[in-house]
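Just query_29.tsv here, TSV, C-alpha atoms and all ligand atoms:
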chain	number	residue	atom	x	y	z
T	1	MET	CA	-4.18	26.37	-27.75
T	2	LEU	CA	-7.00	24.35	-29.19
T	3	HIS	CA	-7.73	20.82	-28.08
T	4	LYS	CA	-9.31	18.96	-30.97
T	5	VAL	CA	-8.85	15.63	-29.22
T	6	PHE	CA	-8.50	14.79	-25.56
T	7	ASN	CA	-6.28	11.78	-25.01
T	8	PHE	CA	-7.22	9.65	-22.00
T	9	CYS	CA	-4.62	6.97	-22.73
T	10	ALA	CA	-3.02	5.33	-19.68
T	11	GLY	CA	0.48	5.46	-21.08
T	12	PRO	CA	2.34	6.65	-22.94
T	13	ALA	CA	0.00	9.43	-22.03
T	14	ALA	CA	-0.89	12.92	-23.17
T	15	MET	CA	1.70	15.61	-22.56
T	16	PRO	CA	0.79	19.25	-22.00
T	17	GLN	CA	-0.12	20.93	-25.30
T	18	GLU	CA	2.21	23.82	-24.51
T	19	VAL	CA	5.11	21.39	-24.09
T	20	MET	CA	4.40	19.62	-27.37
T	21	TYR	CA	4.22	22.97	-29.13
T	22	LYS	CA	7.52	24.18	-27.64
T	23	ALA	CA	9.27	20.90	-28.50
T	24	GLN	CA	8.01	21.22	-32.05
T	25	GLN	CA	9.21	24.81	-32.31
T	26	GLU	CA	12.69	23.86	-31.12
T	27	PHE	CA	12.92	20.51	-32.84
T	28	ARG	CA	15.01	21.29	-35.92
T	29	ASN	CA	16.82	24.37	-34.77
T	30	TYR	CA	17.68	24.32	-31.10
T	31	HIS	CA	18.30	27.84	-29.77
T	32	GLY	CA	19.43	29.19	-33.14
T	33	THR	CA	22.12	26.55	-33.75
T	34	GLN	CA	20.46	25.10	-36.87
T	35	VAL	CA	20.98	21.76	-35.20
T	36	SER	CA	18.45	19.67	-33.29
T	37	LEU	CA	19.05	18.83	-29.68
T	38	LEU	CA	18.74	15.22	-30.83
T	39	GLU	CA	21.85	15.70	-32.95
T	40	MET	CA	23.91	17.40	-30.30
T	41	SER	CA	26.66	16.01	-28.10
T	42	HIS	CA	25.49	15.10	-24.65
T	43	ARG	CA	28.71	16.84	-23.50
T	44	SER	CA	27.78	20.13	-25.17
T	45	ASN	CA	27.01	23.22	-23.14
T	46	LEU	CA	23.49	23.39	-24.48
T	47	PHE	CA	22.68	19.84	-23.43
T	48	ASP	CA	24.41	20.41	-20.12
T	49	GLU	CA	21.94	23.23	-19.46
T	50	VAL	CA	19.05	20.94	-20.31
T	51	ILE	CA	20.06	18.06	-18.05
T	52	LYS	CA	20.90	20.44	-15.21
T	53	LYS	CA	17.56	22.14	-15.58
T	54	ALA	CA	15.69	18.83	-15.62
T	55	GLU	CA	17.38	17.81	-12.39
T	56	ALA	CA	16.94	21.21	-10.76
T	57	ASN	CA	13.24	21.27	-11.67
T	58	VAL	CA	12.68	17.79	-10.26
T	59	ARG	CA	14.49	18.74	-7.05
T	60	PHE	CA	12.55	21.97	-6.73
T	61	LEU	CA	9.12	20.56	-7.53
T	62	MET	CA	9.41	17.61	-5.17
T	63	ASP	CA	11.42	19.45	-2.54
T	64	ILE	CA	14.08	16.74	-2.60
T	65	PRO	CA	16.75	16.94	0.10
T	66	ASP	CA	20.12	17.98	-1.41
T	67	GLU	CA	21.88	14.81	-0.39
T	68	TYR	CA	19.43	12.56	-2.26
T	69	GLY	CA	20.45	11.35	-5.72
T	70	VAL	CA	18.32	12.17	-8.76
T	71	PHE	CA	19.01	9.76	-11.60
T	72	PHE	CA	17.87	9.43	-15.20
T	73	ILE	CA	18.12	5.79	-16.11
T	74	GLN	CA	17.38	4.21	-19.46
T	75	GLY	CA	14.67	1.57	-19.49
T	76	GLY	CA	11.24	2.11	-18.03
T	77	ALA	CA	9.93	1.35	-14.59
T	78	SER	CA	10.03	-2.37	-15.38
T	79	PHE	CA	13.80	-2.12	-15.68
T	80	GLN	CA	13.87	-0.73	-12.16
T	81	PHE	CA	11.94	-3.75	-10.88
T	82	ALA	CA	15.08	-5.80	-11.50
T	83	MET	CA	17.73	-3.15	-10.96
T	84	LEU	CA	16.52	-2.11	-7.54
T	85	ALA	CA	16.48	-5.72	-6.34
T	86	MET	CA	19.99	-6.32	-7.72
T	87	ASN	CA	21.25	-3.37	-5.74
T	88	LEU	CA	19.17	-3.34	-2.59
T	89	LEU	CA	18.24	-6.95	-1.88
T	90	PRO	CA	21.07	-8.67	-0.04
T	91	PRO	CA	21.92	-12.29	-0.98
T	92	ILE	CA	21.03	-13.26	2.58
T	93	GLY	CA	17.98	-11.40	3.75
T	94	LYS	CA	14.71	-10.46	2.22
T	95	ALA	CA	12.48	-7.68	1.01
T	96	ASP	CA	8.80	-7.08	1.76
T	97	TYR	CA	6.36	-6.27	-1.04
T	98	ILE	CA	2.73	-5.15	-1.06
T	99	ASP	CA	0.83	-6.64	-3.99
T	100	THR	CA	-1.75	-4.25	-5.39
T	101	GLY	CA	-2.00	-5.67	-8.88
T	102	ARG	CA	-0.27	-5.97	-12.16
T	103	TRP	CA	2.71	-3.66	-11.71
T	104	SER	CA	3.51	-4.68	-8.18
T	105	GLN	CA	3.22	-8.31	-9.26
T	106	LYS	CA	5.77	-7.70	-11.95
T	107	ALA	CA	8.05	-6.01	-9.45
T	108	ILE	CA	7.66	-9.06	-7.21
T	109	GLU	CA	8.38	-11.50	-10.05
T	110	GLN	CA	11.59	-9.70	-10.94
T	111	ALA	CA	12.79	-9.38	-7.37
T	112	LYS	CA	12.18	-13.11	-6.84
T	113	LEU	CA	14.72	-13.80	-9.56
T	114	ILE	CA	17.28	-11.99	-7.43
T	115	GLY	CA	16.51	-12.91	-3.83
T	116	ASN	CA	13.98	-13.61	-1.10
T	117	VAL	CA	10.70	-11.79	-1.35
T	118	ASN	CA	7.93	-11.74	1.21
T	119	VAL	CA	4.53	-10.53	0.04
T	120	ILE	CA	3.14	-9.03	3.24
T	121	ALA	CA	-0.26	-8.05	1.84
T	122	SER	CA	-2.15	-8.68	-1.36
T	123	GLY	CA	-5.33	-7.42	-2.95
T	124	LYS	CA	-5.55	-10.51	-5.14
T	125	ASP	CA	-8.47	-12.12	-3.26
T	126	ILE	CA	-10.61	-9.06	-3.81
T	127	GLY	CA	-9.67	-8.67	-7.46
T	128	TYR	CA	-7.41	-5.71	-6.65
T	129	THR	CA	-10.44	-3.49	-6.11
T	130	ALA	CA	-8.89	-2.02	-2.96
T	131	ILE	CA	-5.55	-1.34	-1.32
T	132	PRO	CA	-4.94	-4.33	1.00
T	133	GLN	CA	-4.64	-3.86	4.72
T	134	VAL	CA	-1.24	-4.75	6.08
T	135	ASP	CA	-1.19	-6.86	9.22
T	136	GLU	CA	1.48	-5.02	11.15
T	137	LEU	CA	2.37	-8.17	13.07
T	138	ILE	CA	3.89	-9.82	10.03
T	139	ILE	CA	6.08	-6.89	9.12
T	140	ASP	CA	9.70	-7.77	9.51
T	141	PRO	CA	11.75	-4.88	10.92
T	142	GLY	CA	14.80	-6.60	9.40
T	143	ALA	CA	13.54	-6.45	5.82
T	144	ALA	CA	15.97	-4.83	3.39
T	145	TYR	CA	13.14	-2.63	2.14
T	146	LEU	CA	9.37	-2.47	1.72
T	147	HIS	CA	8.22	-2.04	-1.87
T	148	PHE	CA	4.83	-0.75	-2.94
T	149	THR	CA	3.15	0.84	-5.96
T	150	SER	CA	1.58	4.16	-5.05
T	151	ASN	CA	-0.97	4.22	-7.87
T	152	ASN	CA	-2.30	1.20	-9.65
T	153	THR	CA	-2.63	2.26	-13.22
T	154	VAL	CA	-4.52	-0.85	-14.32
T	155	TYR	CA	-7.13	-1.06	-11.56
T	156	GLY	CA	-7.46	2.57	-10.61
T	157	THR	CA	-6.58	2.24	-6.94
T	158	GLN	CA	-4.18	4.49	-5.07
T	159	PHE	CA	-2.53	4.73	-1.69
T	160	HIS	CA	-3.87	7.91	-0.09
T	161	GLU	CA	-1.74	7.26	2.96
T	162	PHE	CA	1.66	5.71	2.60
T	163	PRO	CA	2.76	2.71	4.69
T	164	ASP	CA	4.46	3.96	7.81
T	165	TYR	CA	5.26	1.44	10.49
T	166	GLY	CA	7.81	3.46	12.34
T	167	ASN	CA	10.33	0.63	12.11
T	168	ASN	CA	12.80	2.27	9.75
T	169	VAL	CA	12.43	-0.30	7.01
T	170	PRO	CA	13.42	1.66	3.88
T	171	LEU	CA	10.39	2.48	1.75
T	172	VAL	CA	10.78	1.89	-1.97
T	173	CYS	CA	7.97	3.14	-4.15
T	174	ASP	CA	7.00	2.79	-7.80
T	175	MET	CA	5.31	6.14	-8.47
T	176	SER	CA	5.19	5.75	-12.24
T	177	SER	CA	1.59	6.79	-12.61
T	178	ASP	CA	1.19	9.46	-9.96
T	179	ILE	CA	4.58	11.13	-9.57
T	180	MET	CA	4.25	14.92	-9.30
T	181	SER	CA	0.47	14.63	-9.29
T	182	ARG	CA	0.41	15.33	-5.55
T	183	GLU	CA	2.76	16.53	-2.86
T	184	VAL	CA	4.87	13.80	-1.29
T	185	ASP	CA	7.31	13.96	1.58
T	186	VAL	CA	10.39	12.56	-0.17
T	187	GLU	CA	12.28	12.23	3.11
T	188	LYS	CA	9.96	9.37	4.07
T	189	PHE	CA	11.30	7.33	1.16
T	190	ALA	CA	14.54	5.51	0.56
T	191	MET	CA	13.80	5.29	-3.14
T	192	ILE	CA	11.16	6.61	-5.49
T	193	TYR	CA	11.12	5.68	-9.13
T	194	ALA	CA	8.89	6.33	-12.09
T	195	GLY	CA	8.84	5.62	-15.80
T	196	LEU	CA	8.33	9.02	-17.44
T	197	GLN	CA	5.48	8.21	-19.78
T	198	LYS	CA	2.50	8.91	-17.55
T	199	ASN	CA	3.13	12.25	-15.91
T	200	LEU	CA	6.58	13.38	-16.99
T	201	GLY	CA	7.52	12.73	-20.60
T	202	PRO	CA	8.19	9.99	-23.14
T	203	SER	CA	8.65	6.27	-22.46
T	204	GLY	CA	11.91	4.40	-22.08
T	205	MET	CA	13.47	6.34	-19.24
T	206	SER	CA	12.98	6.38	-15.49
T	207	LEU	CA	13.42	9.04	-12.92
T	208	VAL	CA	14.98	7.59	-9.78
T	209	ILE	CA	15.23	9.46	-6.49
T	210	MET	CA	17.42	7.83	-3.90
T	211	ARG	CA	18.52	8.39	-0.34
T	212	PRO	CA	22.32	8.58	-0.11
T	213	ASP	CA	22.81	5.48	2.04
T	214	MET	CA	20.97	3.38	-0.55
T	215	ILE	CA	23.10	4.54	-3.48
T	216	GLU	CA	26.21	2.65	-2.45
T	217	LYS	CA	24.39	-0.44	-1.26
T	218	SER	CA	25.27	-2.71	-4.19
T	219	TYR	CA	25.35	-6.17	-2.59
T	220	ARG	CA	26.58	-7.80	-5.77
T	221	VAL	CA	29.24	-7.38	-8.39
T	222	LEU	CA	27.30	-5.58	-11.08
T	223	PRO	CA	28.11	-4.00	-14.44
T	224	ASP	CA	28.51	-0.24	-14.09
T	225	LEU	CA	25.26	0.64	-15.80
T	226	LEU	CA	23.32	-1.50	-13.34
T	227	LYS	CA	24.68	0.30	-10.28
T	228	TYR	CA	23.04	3.44	-8.92
T	229	SER	CA	26.44	4.65	-7.76
T	230	THR	CA	27.53	5.00	-11.40
T	231	TYR	CA	24.70	7.45	-12.11
T	232	ASP	CA	25.68	9.29	-8.97
T	233	HIS	CA	29.41	9.52	-9.68
T	234	TYR	CA	28.97	10.55	-13.29
T	235	HIS	CA	25.96	12.84	-12.76
T	236	ASN	CA	23.89	10.79	-15.20
T	237	LEU	CA	26.55	11.15	-17.90
T	238	TYR	CA	28.50	7.91	-17.65
T	239	ASN	CA	27.21	7.12	-21.10
T	240	THR	CA	24.91	8.91	-23.52
T	241	PRO	CA	21.64	9.39	-21.71
T	242	ASN	CA	18.31	9.43	-23.53
T	243	SER	CA	18.84	13.08	-24.33
T	244	PHE	CA	15.43	13.57	-25.89
T	245	ALA	CA	13.63	12.15	-22.85
T	246	VAL	CA	15.73	14.35	-20.55
T	247	TYR	CA	14.82	17.35	-22.70
T	248	MET	CA	11.10	16.52	-22.60
T	249	LEU	CA	11.33	16.04	-18.85
T	250	SER	CA	12.86	19.51	-18.57
T	251	LEU	CA	9.95	20.98	-20.56
T	252	VAL	CA	7.24	19.11	-18.65
T	253	THR	CA	8.73	20.14	-15.31
T	254	ASP	CA	9.01	23.74	-16.57
T	255	TRP	CA	5.32	23.49	-17.33
T	256	ILE	CA	4.49	22.19	-13.84
T	257	ARG	CA	6.44	25.10	-12.40
T	258	GLU	CA	4.46	27.49	-14.60
T	259	GLN	CA	1.22	25.97	-13.30
T	260	GLY	CA	2.35	26.98	-9.82
T	261	GLY	CA	3.96	23.75	-8.70
T	262	VAL	CA	2.85	20.32	-7.57
T	263	GLY	CA	0.50	21.66	-4.87
T	264	ILE	CA	-1.56	23.60	-7.41
T	265	VAL	CA	-1.58	20.73	-9.87
T	266	GLU	CA	-2.73	18.45	-7.05
T	267	ARG	CA	-5.74	20.67	-6.36
T	268	ILE	CA	-6.72	20.60	-10.02
T	269	ASN	CA	-6.29	16.80	-10.04
T	270	ASP	CA	-8.56	16.56	-7.01
T	271	VAL	CA	-11.29	18.52	-8.76
T	272	LYS	CA	-10.94	16.53	-12.00
T	273	SER	CA	-11.24	13.17	-10.25
T	274	GLU	CA	-13.99	14.31	-7.85
T	275	ILE	CA	-16.32	15.52	-10.57
T	276	LEU	CA	-15.73	12.39	-12.62
T	277	TYR	CA	-16.44	10.05	-9.70
T	278	GLU	CA	-19.52	12.13	-8.86
T	279	GLU	CA	-20.83	11.50	-12.35
T	280	ILE	CA	-20.23	7.76	-11.87
T	281	ASP	CA	-21.94	7.69	-8.47
T	282	ARG	CA	-24.85	9.79	-9.69
T	283	SER	CA	-25.59	7.32	-12.48
T	284	GLU	CA	-27.27	4.81	-10.13
T	285	GLY	CA	-25.41	1.82	-11.41
T	286	PHE	CA	-25.24	2.66	-15.09
T	287	TYR	CA	-21.59	3.47	-14.53
T	288	ASN	CA	-19.99	1.14	-12.00
T	289	GLY	CA	-16.78	2.35	-10.40
T	290	PHE	CA	-14.24	-0.48	-10.20
T	291	ALA	CA	-12.36	0.56	-7.07
T	292	PHE	CA	-13.45	0.64	-3.43
T	293	ALA	CA	-14.35	4.31	-2.99
T	294	PRO	CA	-11.78	5.25	-0.29
T	295	ASP	CA	-8.97	3.83	-2.45
T	296	ARG	CA	-10.01	5.41	-5.73
T	297	SER	CA	-7.20	6.70	-7.90
T	298	ARG	CA	-7.07	10.35	-8.85
T	299	MET	CA	-5.15	9.42	-11.99
T	300	ASN	CA	-6.93	6.42	-13.51
T	301	VAL	CA	-10.70	6.34	-13.19
T	302	CYS	CA	-11.94	2.82	-14.01
T	303	PHE	CA	-15.57	1.89	-14.48
T	304	ASN	CA	-17.90	-0.46	-16.33
T	305	LEU	CA	-21.18	-0.09	-18.12
T	306	PRO	CA	-23.96	-2.68	-17.74
T	307	THR	CA	-22.70	-4.80	-20.68
T	308	THR	CA	-19.47	-5.20	-22.63
T	309	GLU	CA	-21.39	-4.15	-25.75
T	310	LEU	CA	-22.16	-0.84	-24.08
T	311	ASP	CA	-18.52	-0.52	-22.98
T	312	GLN	CA	-17.46	-0.85	-26.61
T	313	LYS	CA	-20.13	1.51	-27.85
T	314	PHE	CA	-19.08	4.05	-25.24
T	315	VAL	CA	-15.43	3.89	-26.31
T	316	ALA	CA	-16.32	4.17	-30.01
T	317	GLU	CA	-18.75	7.07	-29.63
T	318	ALA	CA	-16.42	8.94	-27.28
T	319	ALA	CA	-13.67	8.64	-29.90
T	320	GLU	CA	-15.98	10.13	-32.54
T	321	LYS	CA	-16.47	13.06	-30.19
T	322	GLY	CA	-12.74	13.59	-29.77
T	323	MET	CA	-12.08	11.61	-26.59
T	324	VAL	CA	-9.65	8.80	-27.25
T	325	GLY	CA	-7.78	6.15	-25.27
T	326	LEU	CA	-10.71	5.27	-23.01
T	327	ALA	CA	-10.71	1.47	-23.28
T	328	GLY	CA	-9.79	-0.27	-20.02
T	329	HIS	CA	-6.67	-2.39	-19.67
T	330	ARG	CA	-7.03	-5.67	-21.56
T	331	SER	CA	-6.98	-7.63	-18.29
T	332	VAL	CA	-9.81	-5.60	-16.71
T	333	GLY	CA	-11.97	-4.38	-19.59
T	334	GLY	CA	-14.51	-1.60	-19.17
T	335	ILE	CA	-13.49	2.03	-19.33
T	336	ARG	CA	-10.38	3.68	-17.98
T	337	ALA	CA	-10.11	7.44	-18.08
T	338	SER	CA	-6.53	8.40	-17.31
T	339	ILE	CA	-6.49	11.98	-16.16
T	340	TYR	CA	-2.85	12.73	-15.45
T	341	ASN	CA	-1.50	16.24	-14.90
T	342	ALA	CA	-1.65	17.09	-18.59
T	343	MET	CA	-5.39	16.41	-18.90
T	344	PRO	CA	-7.09	19.78	-18.58
T	345	LEU	CA	-10.27	20.24	-16.57
T	346	LYS	CA	-11.98	20.99	-19.89
T	347	GLY	CA	-11.25	17.46	-21.12
T	348	VAL	CA	-12.83	15.96	-18.02
T	349	SER	CA	-15.87	18.23	-18.36
T	350	ARG	CA	-16.29	17.16	-21.96
T	351	LEU	CA	-16.14	13.50	-20.87
T	352	ILE	CA	-18.74	14.09	-18.16
T	353	ASP	CA	-21.11	15.79	-20.62
T	354	PHE	CA	-20.69	12.85	-22.93
T	355	MET	CA	-21.37	10.38	-20.08
T	356	THR	CA	-24.58	12.17	-19.09
T	357	ASP	CA	-25.76	12.15	-22.67
T	358	PHE	CA	-24.71	8.54	-23.31
T	359	LYS	CA	-26.56	7.33	-20.26
T	360	LYS	CA	-29.74	9.13	-21.32
T	361	LYS	CA	-29.65	7.51	-24.73
T	362	ASN	CA	-28.70	4.01	-23.59
T	363	SER	CA	-30.42	3.27	-20.30
D	401	LIG	C1	3.35	2.03	-16.67
D	401	LIG	C2	3.82	1.51	-15.38
D	401	LIG	C3	4.95	0.69	-15.27
D	401	LIG	C4	5.71	0.18	-16.47
D	401	LIG	O1	6.51	1.10	-17.04
D	401	LIG	P1	7.48	0.69	-18.25
D	401	LIG	O2	8.10	1.98	-18.59
D	401	LIG	O3	6.62	0.13	-19.34
D	401	LIG	O4	8.42	-0.31	-17.76
D	401	LIG	C5	5.35	0.30	-14.01
D	401	LIG	N1	4.68	0.67	-12.92
D	401	LIG	C6	3.57	1.44	-12.98
D	401	LIG	C7	2.87	1.83	-11.73
D	401	LIG	C8	3.10	1.88	-14.22
D	401	LIG	O5	2.01	2.64	-14.28
Please re-express this file's structure in structure tokens.
Ligand SMILES: *Cc1c(COP(=O)(O)O)cnc(C)c1O
Amino acid sequence: MLHKVFNFCAGPAAMPQEVMYKAQQEFRNYHGTQVSLLEMSHRSNLFDEVIKKAEANVRFLMDIPDEYGVFFIQGGASFQFAMLAMNLLPPIGKADYIDTGRWSQKAIEQAKLIGNVNVIASGKDIGYTAIPQVDELIIDPGAAYLHFTSNNTVYGTQFHEFPDYGNNVPLVCDMSSDIMSREVDVEKFAMIYAGLQKNLGPSGMSLVIMRPDMIEKSYRVLPDLLKYSTYDHYHNLYNTPNSFAVYMLSLVTDWIREQGGVGIVERINDVKSEILYEEIDRSEGFYNGFAFAPDRSRMNVCFNLPTTELDQKFVAEAAEKGMVGLAGHRSVGGIRASIYNAMPLKGVSRLIDFMTDFKKKNS
């Protein structure tokens, strides 16, 4: 399949070409029915196969313990910021949060509307260029949970080791921008959630993975759709789920399985990010990596050129050469190359060739 354009957008992000092609093939006539899956009852056998496959693929790929819940919940990751606090943050008590930038801040803001939040570490003072160190002394073993964001999409920093203080505080993690990009020991987590639109499918739906004791924790009287237990009891079919997003998730996870699983994809992601950071480091300051090297993200590679004019020129000329979506987040500027699972090595190589050439002509 031919790539005319490589899409480096941070999200919604590129999906595997093979997946887009398959979805297109099946779009108007799903499995010979002359009806689209979008027009089909969510109680039909055909959709039942799709939602079961999506769940089975997620469980298989992440090696999720059987007793954990796997939920498909409408609304993106931002919806989970509020929903998880409503369910898991007791009216008396508090939750700990690690602030690594924009998305964790938003999670903190939403949780503060619900209950007591303690920010135990923040990268704010250093402009979120690194993952902050946590002073273990201030960790409260009585916290309802500890929330962190595994990959910081905006700043291009990533936890390469997860917080582990051996005190049994439930770990809650927003993995929106690196889920299934690397192997993770799910058993270490009480809850993992991710909006689909970076590594798994279209926007507007979240994948939520939850330890069984957390599912029933609702500390408040909540409407059914705001309780995790509802998704558990009704197997994600209390109401009409976002059937198209579930379908796309089933195709993307099929694709990851075809690649050989998360471990193989992780190795490719390592190579992609390593060669890109090498190009940055080789440039002797023409390209300036944003993040502290040990905390660099393997998903979002953020860097600046010597001037904002050059940043803009870089983005424009890259687009002419078929590499789009490279402008940094509006709050950070510069360049952000998002290289999620679906970005092939070839796309990264093309970007590196362009960078070498651009530097020669402009330095
Ligand atoms: C994109 C992103 C979000 C926001 O997702 P929405 O679906 O827009 O709510 C939250 N957290 C992280 C880490 C993200 O990358």
Open item on the list: When you count all atoms listed in the file, which of these residues is closest to Gly261 (chain T): T:Ile335, T:Ala107, T:Leu38, T:Met180?
Closed with: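 Using all atoms listed in the file, Gly261 (chain T) sits closest to T:Met180.
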- [ ] Determine the nearest neighbour of ligand LIG 401 (chain D) from the options T:Leu222, T:Cys173, T:Leu326, T:Leu237, counting all atoms listed in the file.
- [x] T:Cys173
Open item on the list: Around ligand LIG 401 (chain D), which protein and nucleic acid residues have at least one atom no more than 10 Å from it, if we count all atoms listed in the file? List them as a PyMOL selection string.
Closed with: chain T and resi 10-13+74-81+100-107+148-154+173-179+193-199+202-206+300
TODO: For the point (14.9, -0.3, -4.6) in the file's frame, write as an MDAnalysis selection string all residues with an atom no more than 7 Å away, counting only C-alpha atoms.
DONE: chainID T and resid 84:85 88 172 191
TODO: For each of T:Ser243, T:Gln259, T:Thr356, T:Gln312, take the minimum atom-to-atom distance to Asp48 (chain T), counting all atoms listed in the file, then give the residue where this is smallest.
DONE: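 Using all atoms listed in the file, Asp48 (chain T) sits closest to T:Ser243.
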Open item on the list: as a PyMOL selection string, please: the residues near Asn236 (chain T) (cut-off 7 Å, only C-alpha atoms, same-chain neighbours under 3 positions excluded).
Closed with: chain T and resi 71-72+231-232
Task: Distance in Å - CA of Asp224 (chain T) versus CA of Tyr238 (chain T) - done: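 Going from CA of Asp224 (chain T) over to CA of Tyr238 (chain T), I get 8.9 Å.
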Open item on the list: as a count of residues only, please: the residues near region 338-349 of chain T (cut-off 7 Å, all atoms listed in the file, same-chain neighbours under 6 positions excluded).
Closed with: 16
Open item on the list: With distances taken over all atoms listed in the file, which residue among T:Tyr277, T:Tyr30, T:Phe47, T:Tyr247 lies nearest Phe292 (chain T)?
Closed with: T:Tyr277
Open item on the list: Restricting the calculation to all atoms listed in the file: of T:Lys4, T:Arg298, T:Lys53, T:Arg43, which residue gets closest to Leu251 (chain T)?
Closed with: T:Lys53
TODO: Determine, counting only C-alpha atoms, which protein, DNA and RNA residues have an atom within 12 Å of an atom of Leu305 (chain T); residues of the same chain fewer than 4 positions away are not included. Present the result as a list in words.
DONE: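 Non-adjacent residues within range: Ile280, Ser283, Glu284, Gly285, Phe286, Tyr287, Asn288, Gly289, Phe290, Glu309, Leu310, Asp311, Gln312, Lys313, Phe314, Val315, Ala327, Gly328, Gly333, Gly334, Ile335, Arg336, Met355, Phe358, Lys359, Asn362 and Ser363 of chain T.
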TODO: For Arg296 (chain T), list every protein, DNA or RNA residue within 6 Å, evaluated using only C-alpha atoms, and leave out those in the same chain fewer than 5 positions away; present the list as a list in words.
DONE: Thr157, Gln158 and Ala291 of chain T
Task: CA of Tyr155 (chain T) to CA of Thr129 (chain T), straight-line distance in Å - done: 6.8 Å
TODO: Compile the contact shell of Gly123 (chain T) as a PyMOL selection string: residues with an atom at most 9 Å away, counting all atoms listed in the file, same-chain residues fewer than 4 positions apart removed.
DONE: chain T and resi 98-101+127-133
TODO: Using all atoms listed in the file, find the one residue out of T:Pro91, T:Ile108, T:Tyr219, T:Trp255 that sits nearest to Tyr21 (chain T).
DONE: T:Trp255
Task: Gap from CA of Gln17 (chain T) to CA of Gly201 (chain T) - Å, one decimal - done: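 Going from CA of Gln17 (chain T) over to CA of Gly201 (chain T) covers 12.2 Å.
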Take every atom of region 28-46 of chain T listed in the file, pad by 3 Å on each side, and give me the axis-aligned box centre and edge lengths in Å, one decimal, as AutoDock Vina command-line options.
--center_x 21.9 --center_y 22.1 --center_z -30.0 --size_x 19.7 --size_y 20.1 --size_z 19.7
